[in-house]
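What follows is a set of notes on a single structure, which appears directly below.
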Amino acid sequence: MSEARITWCSGSVLRARPEGSFHINEALLIGPKQLLGEVIRLSHDEIVAQVYEDTGGLRPGHQVTGQCGPLSASLGPGLLGNVLDGLLRPLSALKTELIWPGVRPHEGGTFRFVPAVRAGQQLGPGAPFGHVEPFPGMRLPCLTPPDTSGTVRHIAGEGLYQETEDLGELHADDGTSQPLRMRQEWGIREPRPVARRLGIGPPMITGQRVLDGLFPIARGSRATLPGGFGTGKTVLLENLAKWCDADVIVFVACGERGNEMAGVLEEFPELQDPRTNRSLMERTVIIANTSNMPVAAREASIYTGISVAEYFRDHGLHVALMADSTSRWAEALREISGRLGELPGEAGYPAYLSSRLAGFYERAGRVETLHGQEGSVTIMSAVSPPSDDFSEPVTTHTRRYIRTFWSLDRTLAQARFFPAIHPLLSYSDDADALAAWWQGQGNPQWPALRQQFLTLLGEQQRLERMVRIVGRDALPQRQQLVLLCAELIGEGFLRQSAFSLIDRLTSPARLTAMMRLLGSFISHAETALEGGANVDAIGELPVLRRLQRMGEEIGNDAMDRFDLLQRELDSQFYALTTELADAG
Ligand code: ADP
């Protein structure tokens with residue numbers, strides 16, 4: 001282990017004179033409290049390091065010790081159900097200030113291990129040698145490290161073991177002896193290897209109608225959620241974490257204020273998983289770095305989060321990673337860069353902001369694991385552009401690396417229209433590829449209805465400008481009908497309260513039923529208009545109110561009520577058109 005002496009220290013950055021050889025990204029232990037750090041710059045007579053803990057008390061002359069390996073995360077089944085900081089140290093819920101310098105990673109849990117191999121058996125990289133059950137219903141294989149293969153020398157029998165204990169020994173192909181454990185250490189800046197990357201498959205069902213219906217995201221894809229302060233980013237991201245159909249959720253809260261985090265930390269343990277009716281927290285990992293924690297730890301937390309996500313992906317699971325907010329992460333990057341005296345780029349961010357963002361988003365994907373299973377990591381990130389300026393660097397660079405853009409709109413949020421996703425500024429590059437999946441799910445009209453809704457919403461915006469000038473009554477009947485239908489889509493489909501027990505989650509079957517009903521209303525209304533009906537008469541049909549409120553009134557478990565609504569819809573339009581025919 002090489003050593004160095006501190007010569008200069010500012011905030012979370014220090015310089016030191018090396019007395020041995022170091023390498024870039026090497027993990028360090030610093031000063032008497034053994035603070036954790038990492039080499040970020042290197043020359044023959046100086047190392048520059050960032051420190052992940054509070055540097056209060058450090059001074060020139062203190063010793064720095066190299067750890068030989070890179071800054072790594074301890075990845076194991078015990079992560080599930082825990083709240084940890086950016087270095088995977090346990091945070092006791094709500095008492096984030098209790099982390100004191102020098103605390104080491106989480107202890108992990110004790111699990112019942114069931115072996116699946118015998119001595120003498122050959123194991124390839126990533127091959128399972130047994131399994132544990134972190135909670136009932138989840139069978140998590142114990143995997144050979146991704147960079148190791150060899151012959152099993154011995155393996156432990158079934159029983160309770162600590163996550164850190166040796167469960168066996170591998171005579172590795174390179175002649176060394178390697179322990180087999182539940183836990184793996186992994187350098188956080190290095191993507192974990194896979195057999196191959198797969199193309200777009202099924203969607204990640206989010207439970208939010210505006211997303212699943214209009215701007216869907218595929219499993220293993222990347223979405224961002226830009227929006228100014230108070231436009232609903234955190235509520236939406238938390239809602240996605242609660243209800244999306246991933247097997248494991250990794251929620252990285254980055255640079256939020258402690259009191260904002262309190263909501264997540266209090267609420268999650270009490271939520272019920274709609275799939276298992278058990279606690280949702282069991283399959284969730286929360287990584288929290290509040291704004292009062294050291295800035296370098298915030299920079300690392302996003303890599304820690306994605307490493308945790310990749311670790312569970314390698315077990316053949318579908319993982320969703322939520323990052324709130326990547327702007328706070330970019331600010332950490334800017335602060336560290338400033339302290340290093342680097343030449344600032346746009347808005348003071350370092351020139352490597354874009355490549356760092358690319359490196360993060362590229363770690364999302366649907367893959368075949370080393371052991372031949374399918375797994376995925378889907379990234380959904382929030383961006384908080386200052387003064388709602390979407391042309392600022394973090395938003396513009398992020399846009400280059402994502403496929404789905406969920407643009408939050410201040411005007412909608414001020415009108416208390418949630419989720420405040422702007423239907424014309426948002427987009428999804430995954431939508432075309434996902435159409436076939438929806439068509440196979442009993443929603444053959446999904447692409448056509450999606451397009452129809454988007455077209456109506458686009459026309460609505462254009463017509464509203466005219467309404468402001470000439471008034472609604474001056475518009476031709478056909479255009480008034482466009483407005484009526486677009487408003488119905490807004491009220492009956494796009495608006496969805498995160499706090500309503502009935503409406504906070506929409507299943508694919510419910511989404512299909514709602515889209516079909518709205519499509520049916522639109523085509524009935526168009527036919528009625530052609531038959532001479534008046535838009536006001538259509539607007540007065542009682543079924544219109546029912547459709548506007550169906551999200552609030554008909555839950556996922558009452559699908560037959562949508563059929564009743566369809567019959568009501570048919571009969572009211574039938575009555576309207578026969579009335580017209582009789583009058584004619
Ligand atoms: P941001 O993270 O963008 O600053 P928040 O997510 O904290 O904004 O949302 C601000 C407020 O807006 C919330 O406290 C809540 O009252 C309201 N809100 C946001 N999203 C929703 C939603 N989907 N349903 C209902 N209310 C919402």
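Convention: chains lettered A, B, ... in structure tokens order; per-chain residue numbering from 1; ligands numbered from 1 as shown.
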(Q) Env of A:Val83: 6 Å cut, atoms = only C-alpha atoms, seq-sep filter 4 positions within chain, self excluded. Answer as a list in words. (A)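 The neighbour list is Leu91, Ile286 and Ile287 of chain A.
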Q: Quick one: everything within 9 Å of A:Gly199, counting only C-alpha atoms, minus sequence neighbours fewer than 3 positions away in the same chain. Send it as a PyMOL selection string.
A: chain A and resi 365-367
Q | In stretch 265-388 of chain A, DSSP strand (DSSP E) residues written as a list in words | A |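 DSSP-assigned strand (DSSP E) residues in stretch 265-388 of chain A: Thr284, Val285, Ile286, Ile287, Ala288, Asn289, His318, Val319, Ala320, Leu321, Met322, Ala323, Asp324, Gly365, Arg366, Val367, Glu368, Glu374, Gly375, Ser376, Val377, Thr378, Ile379, Met380, Ser381, Ala382 and Val383 of chain A.
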Q.
Give me the residues near stretch 37-54 of chain A as number ranges by chain, where near means some atom within 6 Å (using only C-alpha atoms) and where sequence neighbours in that chain fewer than 5 positions away do not count.
A. A: 12-17, 24-28, 101, 294, 296-297
Would you save the residues from that selection as a short mmCIF file (atom, residue, chain, number, x, y, z; two decimals), in the first residue's frame, using all heavy atoms?
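Listing of result_20.cif after writing:
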```cif
data_model
loop_
_atom_site.label_atom_id
_atom_site.label_comp_id
_atom_site.auth_asym_id
_atom_site.auth_seq_id
_atom_site.Cartn_x
_atom_site.Cartn_y
_atom_site.Cartn_z
N SER A 12 -13.92 19.39 -0.20
CA SER A 12 -13.79 17.93 -0.31
C SER A 12 -12.64 17.54 -1.24
O SER A 12 -12.59 16.39 -1.67
CB SER A 12 -15.11 17.35 -0.81
OG SER A 12 -15.50 18.02 -1.98
N VAL A 13 -11.75 18.49 -1.55
CA VAL A 13 -10.63 18.17 -2.45
C VAL A 13 -9.31 18.36 -1.70
O VAL A 13 -9.16 19.31 -0.92
CB VAL A 13 -10.67 19.09 -3.69
CG1 VAL A 13 -9.49 18.79 -4.61
CG2 VAL A 13 -11.97 18.93 -4.44
N LEU A 14 -8.37 17.46 -1.92
CA LEU A 14 -7.05 17.66 -1.30
C LEU A 14 -5.93 17.30 -2.28
O LEU A 14 -6.14 16.57 -3.24
CB LEU A 14 -6.92 16.87 0.00
CG LEU A 14 -7.01 15.34 -0.02
CD1 LEU A 14 -5.70 14.70 -0.47
CD2 LEU A 14 -7.31 14.89 1.41
N ARG A 15 -4.75 17.88 -1.98
CA ARG A 15 -3.56 17.52 -2.73
C ARG A 15 -2.61 16.85 -1.74
O ARG A 15 -2.57 17.23 -0.57
CB ARG A 15 -2.87 18.76 -3.31
CG ARG A 15 -3.71 19.48 -4.35
CD ARG A 15 -3.06 20.80 -4.73
NE ARG A 15 -4.00 21.65 -5.43
CZ ARG A 15 -4.22 21.60 -6.74
NH1 ARG A 15 -3.55 20.75 -7.49
NH2 ARG A 15 -5.10 22.41 -7.31
N ALA A 16 -1.80 15.91 -2.23
CA ALA A 16 -0.86 15.22 -1.34
C ALA A 16 0.40 14.85 -2.11
O ALA A 16 0.37 14.69 -3.34
CB ALA A 16 -1.51 13.97 -0.77
N ARG A 17 1.52 14.77 -1.35
CA ARG A 17 2.80 14.38 -1.96
C ARG A 17 2.96 12.87 -1.81
O ARG A 17 2.98 12.34 -0.69
CB ARG A 17 3.95 15.11 -1.28
CG ARG A 17 5.23 15.06 -2.10
CD ARG A 17 6.38 15.86 -1.49
NE ARG A 17 5.96 17.09 -0.81
CZ ARG A 17 5.91 17.23 0.51
NH1 ARG A 17 6.23 16.23 1.31
NH2 ARG A 17 5.55 18.37 1.06
N ILE A 24 -4.98 6.17 -10.94
CA ILE A 24 -6.17 7.00 -11.02
C ILE A 24 -7.39 6.19 -10.56
O ILE A 24 -7.46 4.98 -10.81
CB ILE A 24 -6.32 7.56 -12.47
CG1 ILE A 24 -7.10 8.85 -12.48
CG2 ILE A 24 -6.91 6.59 -13.44
CD1 ILE A 24 -6.31 10.07 -12.25
N ASN A 25 -8.29 6.85 -9.85
CA ASN A 25 -9.50 6.22 -9.28
C ASN A 25 -9.19 5.24 -8.14
O ASN A 25 -10.07 4.48 -7.73
CB ASN A 25 -10.36 5.52 -10.33
CG ASN A 25 -11.04 6.51 -11.25
OD1 ASN A 25 -11.07 7.71 -10.97
ND2 ASN A 25 -11.57 6.05 -12.36
N GLU A 26 -7.98 5.23 -7.65
CA GLU A 26 -7.66 4.35 -6.51
C GLU A 26 -8.36 4.86 -5.25
O GLU A 26 -8.40 6.07 -5.00
CB GLU A 26 -6.14 4.32 -6.30
CG GLU A 26 -5.74 3.43 -5.15
CD GLU A 26 -4.23 3.19 -5.10
OE1 GLU A 26 -3.51 3.56 -6.05
OE2 GLU A 26 -3.78 2.62 -4.09
N ALA A 27 -8.92 3.94 -4.49
CA ALA A 27 -9.56 4.34 -3.23
C ALA A 27 -8.49 4.66 -2.19
O ALA A 27 -7.42 4.07 -2.19
CB ALA A 27 -10.45 3.21 -2.73
N LEU A 28 -8.80 5.64 -1.31
CA LEU A 28 -7.82 6.09 -0.31
C LEU A 28 -8.45 6.11 1.08
O LEU A 28 -9.68 6.30 1.21
CB LEU A 28 -7.39 7.53 -0.64
CG LEU A 28 -6.81 7.81 -2.02
CD1 LEU A 28 -6.69 9.32 -2.23
CD2 LEU A 28 -5.44 7.15 -2.16
N PRO A 101 -17.93 10.46 10.21
CA PRO A 101 -16.79 10.11 9.38
C PRO A 101 -16.17 8.79 9.82
O PRO A 101 -16.06 8.51 11.01
CB PRO A 101 -15.82 11.27 9.60
CG PRO A 101 -16.68 12.41 10.00
CD PRO A 101 -17.83 11.81 10.75
N PRO A 294 -21.36 15.56 2.30
CA PRO A 294 -20.25 16.05 1.48
C PRO A 294 -20.53 15.91 -0.02
O PRO A 294 -21.12 14.93 -0.47
CB PRO A 294 -19.09 15.15 1.89
CG PRO A 294 -19.44 14.65 3.23
CD PRO A 294 -20.93 14.58 3.28
N ALA A 296 -18.69 15.40 -2.62
CA ALA A 296 -18.07 14.33 -3.40
C ALA A 296 -18.87 13.04 -3.27
O ALA A 296 -18.95 12.24 -4.20
CB ALA A 296 -16.63 14.11 -2.94
N ALA A 297 -19.50 12.83 -2.10
CA ALA A 297 -20.30 11.62 -1.92
C ALA A 297 -21.52 11.68 -2.83
O ALA A 297 -22.01 10.66 -3.31
CB ALA A 297 -20.73 11.50 -0.47
#
```
Return as a Markdown table the residues of chain A lying at most 6 Å from ligand 1, together with the closest atom-to-atom pair for each and the distance in Å to one decimal, counting only C-alpha atoms and all ligand atoms, with rows in chain order and ascending residue number.
```
| residue | atom | partner | partner_atom_place_in_ligand_line | distance |
| --- | --- | --- | --- | --- |
| A:Gly227 | CA | ligand 1 | 3 (O) | 5.9 |
| A:Gly228 | CA | ligand 1 | 3 (O) | 5.8 |
| A:Phe229 | CA | ligand 1 | 4 (O) | 3.9 |
| A:Gly230 | CA | ligand 1 | 4 (O) | 3.4 |
| A:Thr231 | CA | ligand 1 | 3 (O) | 4.1 |
| A:Gly232 | CA | ligand 1 | 6 (O) | 3.2 |
| A:Lys233 | CA | ligand 1 | 3 (O) | 3.8 |
| A:Thr234 | CA | ligand 1 | 6 (O) | 3.6 |
| A:Val235 | CA | ligand 1 | 6 (O) | 3.8 |
| A:Leu236 | CA | ligand 1 | 23 (N) | 5.5 |
| A:Phe418 | CA | ligand 1 | 22 (C) | 4.6 |
| A:Pro419 | CA | ligand 1 | 23 (N) | 4.2 |
| A:Ser497 | CA | ligand 1 | 24 (N) | 4.0 |
| A:Ala498 | CA | ligand 1 | 24 (N) | 4.0 |
| A:Phe499 | CA | ligand 1 | 25 (C) | 5.9 |
```
Deliver the residues from the most recent selection as a file, using N, CA, C and O atoms, as a JSON list (two decimals), in the first residue's frame.
```json
[["chain", "number", "residue", "atom", "x", "y", "z"],
["A", 227, "GLY", "N", -38.10, 19.56, -15.10],
["A", 227, "GLY", "CA", -39.17, 20.44, -14.63],
["A", 227, "GLY", "C", -38.65, 21.36, -13.55],
["A", 227, "GLY", "O", -37.81, 20.95, -12.74],
["A", 228, "GLY", "N", -39.15, 22.59, -13.55],
["A", 228, "GLY", "CA", -38.72, 23.57, -12.56],
["A", 228, "GLY", "C", -39.22, 23.19, -11.17],
["A", 228, "GLY", "O", -39.96, 22.22, -11.00],
["A", 229, "PHE", "N", -38.84, 23.98, -10.19],
["A", 229, "PHE", "CA", -39.21, 23.72, -8.80],
["A", 229, "PHE", "C", -40.73, 23.69, -8.66],
["A", 229, "PHE", "O", -41.43, 24.56, -9.17],
["A", 230, "GLY", "N", -41.25, 22.67, -7.99],
["A", 230, "GLY", "CA", -42.68, 22.60, -7.70],
["A", 230, "GLY", "C", -43.54, 22.08, -8.84],
["A", 230, "GLY", "O", -44.77, 22.11, -8.74],
["A", 231, "THR", "N", -42.94, 21.57, -9.92],
["A", 231, "THR", "CA", -43.76, 21.09, -11.03],
["A", 231, "THR", "C", -44.13, 19.61, -10.87],
["A", 231, "THR", "O", -44.84, 19.05, -11.70],
["A", 232, "GLY", "N", -43.64, 18.98, -9.81],
["A", 232, "GLY", "CA", -44.09, 17.62, -9.51],
["A", 232, "GLY", "C", -43.10, 16.51, -9.84],
["A", 232, "GLY", "O", -43.48, 15.36, -9.96],
["A", 233, "LYS", "N", -41.82, 16.84, -9.96],
["A", 233, "LYS", "CA", -40.81, 15.82, -10.30],
["A", 233, "LYS", "C", -40.73, 14.74, -9.22],
["A", 233, "LYS", "O", -40.80, 13.56, -9.51],
["A", 234, "THR", "N", -40.58, 15.22, -7.98],
["A", 234, "THR", "CA", -40.36, 14.25, -6.90],
["A", 234, "THR", "C", -41.58, 13.37, -6.71],
["A", 234, "THR", "O", -41.47, 12.14, -6.60],
["A", 235, "VAL", "N", -42.77, 13.98, -6.73],
["A", 235, "VAL", "CA", -43.99, 13.19, -6.54],
["A", 235, "VAL", "C", -44.10, 12.14, -7.65],
["A", 235, "VAL", "O", -44.38, 10.97, -7.41],
["A", 236, "LEU", "N", -43.83, 12.54, -8.89],
["A", 236, "LEU", "CA", -43.96, 11.61, -10.01],
["A", 236, "LEU", "C", -42.91, 10.50, -9.92],
["A", 236, "LEU", "O", -43.22, 9.32, -10.09],
["A", 418, "PHE", "N", -52.21, 17.50, -12.57],
["A", 418, "PHE", "CA", -51.09, 16.57, -12.35],
["A", 418, "PHE", "C", -51.40, 15.21, -12.96],
["A", 418, "PHE", "O", -52.55, 14.81, -12.95],
["A", 419, "PRO", "N", -50.39, 14.46, -13.42],
["A", 419, "PRO", "CA", -49.00, 14.88, -13.57],
["A", 419, "PRO", "C", -48.90, 15.93, -14.66],
["A", 419, "PRO", "O", -49.53, 15.81, -15.71],
["A", 497, "SER", "N", -54.41, 11.58, -10.16],
["A", 497, "SER", "CA", -53.89, 12.02, -8.87],
["A", 497, "SER", "C", -52.98, 10.96, -8.24],
["A", 497, "SER", "O", -53.33, 9.79, -8.19],
["A", 498, "ALA", "N", -51.84, 11.43, -7.78],
["A", 498, "ALA", "CA", -50.90, 10.51, -7.12],
["A", 498, "ALA", "C", -51.40, 10.13, -5.74],
["A", 498, "ALA", "O", -50.92, 9.18, -5.14],
["A", 499, "PHE", "N", -52.37, 10.89, -5.24],
["A", 499, "PHE", "CA", -52.78, 10.68, -3.85],
["A", 499, "PHE", "C", -54.13, 9.97, -3.73],
["A", 499, "PHE", "O", -54.64, 9.78, -2.64]]
```
**Q.** A:Phe135 surroundings by only C-alpha atoms, 12 Å radius, close-in-sequence under 3 positions cut, as a ChimeraX atom specification
**A.** /A:77-78,80-81,109-112,132,138-140,276,278-284
Q.
With distances taken over only C-alpha atoms, which residue among A:Ala156, A:Leu481, A:Met380, A:Met514 lies nearest A:Leu225?
A.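 Between A:Ala156, A:Leu481, A:Met380, A:Met514, the residue approaching A:Leu225 most closely is A:Met380.
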